[in-house]
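Remarks on the structure that follows.
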Amino acid sequence: MIHFNHPEILWLLALIPLLAFIHGKKGAVCAVRYPTSRIAAQLAGARKSTSGRWLGTLRLIALALLIVALARPQIVHGTTEVEASGIDIILAMDVSGSMKALDFTIGNKQASRIGVVKKVVSKFIEERPNDRIGLVAFAGQPYIVSPLTLDHNWLQQRLETVKTDMMKDGTAIGSAIASGVNRLRDQKAKSKIVILLTDGMNNAGKVSPVMAAEAAETLGIKVYTIGAGSHGEVPIPVTDRLGNNRVVMAEVNIDEDTLKKVAAMTGAQYYRATGTESLRKIYGEINKLEKTTRKIKKFEHRNEVFPWAAIPVLFLLGLETTLSQTRFRRLP
């Protein structure tokens, strides 16, 4: 990157076009003395000769380069290092069959829970560029979609692959928490959190949610819990044995008491999202709660390049002097 140490001097370059205009308006410089004023008068309004224009142009170019040199151009080689925030986050996302329910919206259009959750989580990831974030999907068992990483472009790509029917159906909330805790337990981050989203009740896995929460509490890991889905019956797309797709109304229950207990045990909070907007607000609130100051280190190395402008000035002035005394020399 080019940087000028005295950029205000560059304003003098605005004078160059004015000097060029004045230079071009001058009449020819007398090279011969004339015996009568009539002949001189005829030549007075004429423009300069080609040689005169060349020499004047060389002087103007030299002046422009001199101004640039006085502004002290420098090439800046800089690097910026941003340290990780010190917060490690595991996003645990329910991908059981009930996450197909069409009770959320995107742009005033009916959308599945899983589709909306992925969009909101993607936005959350964008707003945490300096956190190490991992992703766990779970249904009847947990599945590590992405380990903790600062490569959020890759994380976003992995998030896109998340869908329902990835594994045996069910809702293994306890196992999902345990999987997230296991990923965080040996990390040296200042703050370690799990954000678990589910729309059901724990009915699979070998670890109960409370037992997993006890492990998280012991290790100093917060577990934020989110219950997603509207109350009452919801439309859920299903495929029958003949391969026909249809929508059925079904009621999905959320074990809010357990989710509240898990969050309270670990010093976190429980949230209930009954729609797209409330889900956005929940992740936005967690985003504000879990913040830390970033440390930024900036290094710069500057190379002076004003000689590259100053040296041509000497060359052009020397060339102009030489030509004016040789090839373009005028008679006295």
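Every chain in the structure tokens takes a letter, A first, then B, and so on in the order presented; its residues are numbered from 1, and the ligands are numbered from 1 following the presented order.
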Could you make a table, as JSON lines, of the residues of segment 204-249 of chain A that have an atom within 12 Å of an atom of segment 107-111 of chain A, each with its nearest atom pair and distance in Å to one decimal, counting only C-alpha atoms, in chain and number order?
{"residue": "A:Gly229", "atom": "CA", "partner": "A:Ala111", "partner_atom": "CA", "distance": 11.9}
{"residue": "A:Val234", "atom": "CA", "partner": "A:Gln110", "partner_atom": "CA", "distance": 11.8}
{"residue": "A:Pro235", "atom": "CA", "partner": "A:Gln110", "partner_atom": "CA", "distance": 10.4}
{"residue": "A:Ile236", "atom": "CA", "partner": "A:Ala111", "partner_atom": "CA", "distance": 10.7}
{"residue": "A:Pro237", "atom": "CA", "partner": "A:Ala111", "partner_atom": "CA", "distance": 11.3}
- Item | For Ala176 of chain A, the nearest of the candidates A:Glu8, A:Asp94, A:Glu126, A:Glu290, counting only C-alpha atoms |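 When distances to Ala176 of chain A are compared using only C-alpha atoms, the smallest one comes from A:Asp94.
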- Item | Shell around Thr149 of chain A at 8 Å using only C-alpha atoms, local window under 2 positions removed, as number ranges by chain | A: 132-134, 146-147, 151-152, 155
Those same residues, written as a short mmCIF file (atom, residue, chain, number, x, y, z; two decimals), in the first residue's frame with N, CA and C atoms?
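Writing done, so here's selection-v9.cif:
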data_model
loop_
_atom_site.label_atom_id
_atom_site.label_comp_id
_atom_site.auth_asym_id
_atom_site.auth_seq_id
_atom_site.Cartn_x
_atom_site.Cartn_y
_atom_site.Cartn_z
N ARG A 132 -13.95 -19.58 18.64
CA ARG A 132 -13.88 -20.95 18.11
C ARG A 132 -15.25 -21.58 18.32
N ILE A 133 -15.82 -22.06 17.24
CA ILE A 133 -17.19 -22.60 17.28
C ILE A 133 -17.20 -24.00 16.69
N GLY A 134 -17.90 -24.90 17.35
CA GLY A 134 -18.10 -26.25 16.85
C GLY A 134 -19.59 -26.53 16.71
N SER A 146 -18.89 -30.44 13.07
CA SER A 146 -17.64 -29.69 12.98
C SER A 146 -17.01 -29.58 14.36
N PRO A 147 -15.72 -29.86 14.48
CA PRO A 147 -15.04 -29.61 15.75
C PRO A 147 -14.87 -28.11 15.95
N ASP A 151 -12.15 -21.33 11.47
CA ASP A 151 -12.42 -21.27 10.03
C ASP A 151 -13.94 -21.29 9.83
N HIS A 152 -14.54 -20.13 9.93
CA HIS A 152 -16.00 -20.07 9.89
C HIS A 152 -16.57 -20.27 8.49
N LEU A 155 -17.00 -23.85 8.51
CA LEU A 155 -18.09 -24.16 9.44
C LEU A 155 -19.44 -23.90 8.79
#
- Just list the residues in segment 121-199 of chain A DSSP gives helix (DSSP H, G or I) on the backbone, as a PyMOL selection string. chain A and resi 121-126+152-160+173-184
Using C-alpha atoms, can you export the residues from the last selection as an mmCIF file, in the first residue's frame?
data_model
loop_
_atom_site.group_PDB
_atom_site.id
_atom_site.type_symbol
_atom_site.label_atom_id
_atom_site.label_comp_id
_atom_site.auth_asym_id
_atom_site.auth_seq_id
_atom_site.Cartn_x
_atom_site.Cartn_y
_atom_site.Cartn_z
ATOM 1 C CA VAL A 121 -27.412 -20.050 13.507
ATOM 2 C CA SER A 122 -25.564 -18.962 10.362
ATOM 3 C CA LYS A 123 -26.134 -15.332 11.293
ATOM 4 C CA PHE A 124 -24.947 -16.035 14.843
ATOM 5 C CA ILE A 125 -21.719 -17.521 13.479
ATOM 6 C CA GLU A 126 -21.142 -14.447 11.292
ATOM 7 C CA HIS A 152 -15.999 -20.072 9.892
ATOM 8 C CA ASN A 153 -16.257 -20.362 6.105
ATOM 9 C CA TRP A 154 -15.734 -24.091 6.448
ATOM 10 C CA LEU A 155 -18.087 -24.159 9.441
ATOM 11 C CA GLN A 156 -20.812 -22.479 7.366
ATOM 12 C CA GLN A 157 -20.328 -25.081 4.652
ATOM 13 C CA ARG A 158 -20.720 -27.853 7.203
ATOM 14 C CA LEU A 159 -23.849 -26.177 8.587
ATOM 15 C CA GLU A 160 -25.393 -26.307 5.109
ATOM 16 C CA ILE A 173 -30.671 -34.287 24.643
ATOM 17 C CA GLY A 174 -28.449 -35.644 27.417
ATOM 18 C CA SER A 175 -26.038 -37.284 24.975
ATOM 19 C CA ALA A 176 -25.875 -34.095 22.916
ATOM 20 C CA ILE A 177 -24.935 -32.035 25.992
ATOM 21 C CA ALA A 178 -22.370 -34.660 26.994
ATOM 22 C CA SER A 179 -20.864 -34.612 23.505
ATOM 23 C CA GLY A 180 -20.522 -30.816 23.596
ATOM 24 C CA VAL A 181 -19.050 -30.896 27.103
ATOM 25 C CA ASN A 182 -16.560 -33.546 26.027
ATOM 26 C CA ARG A 183 -15.407 -31.300 23.157
ATOM 27 C CA LEU A 184 -14.878 -28.384 25.546
#
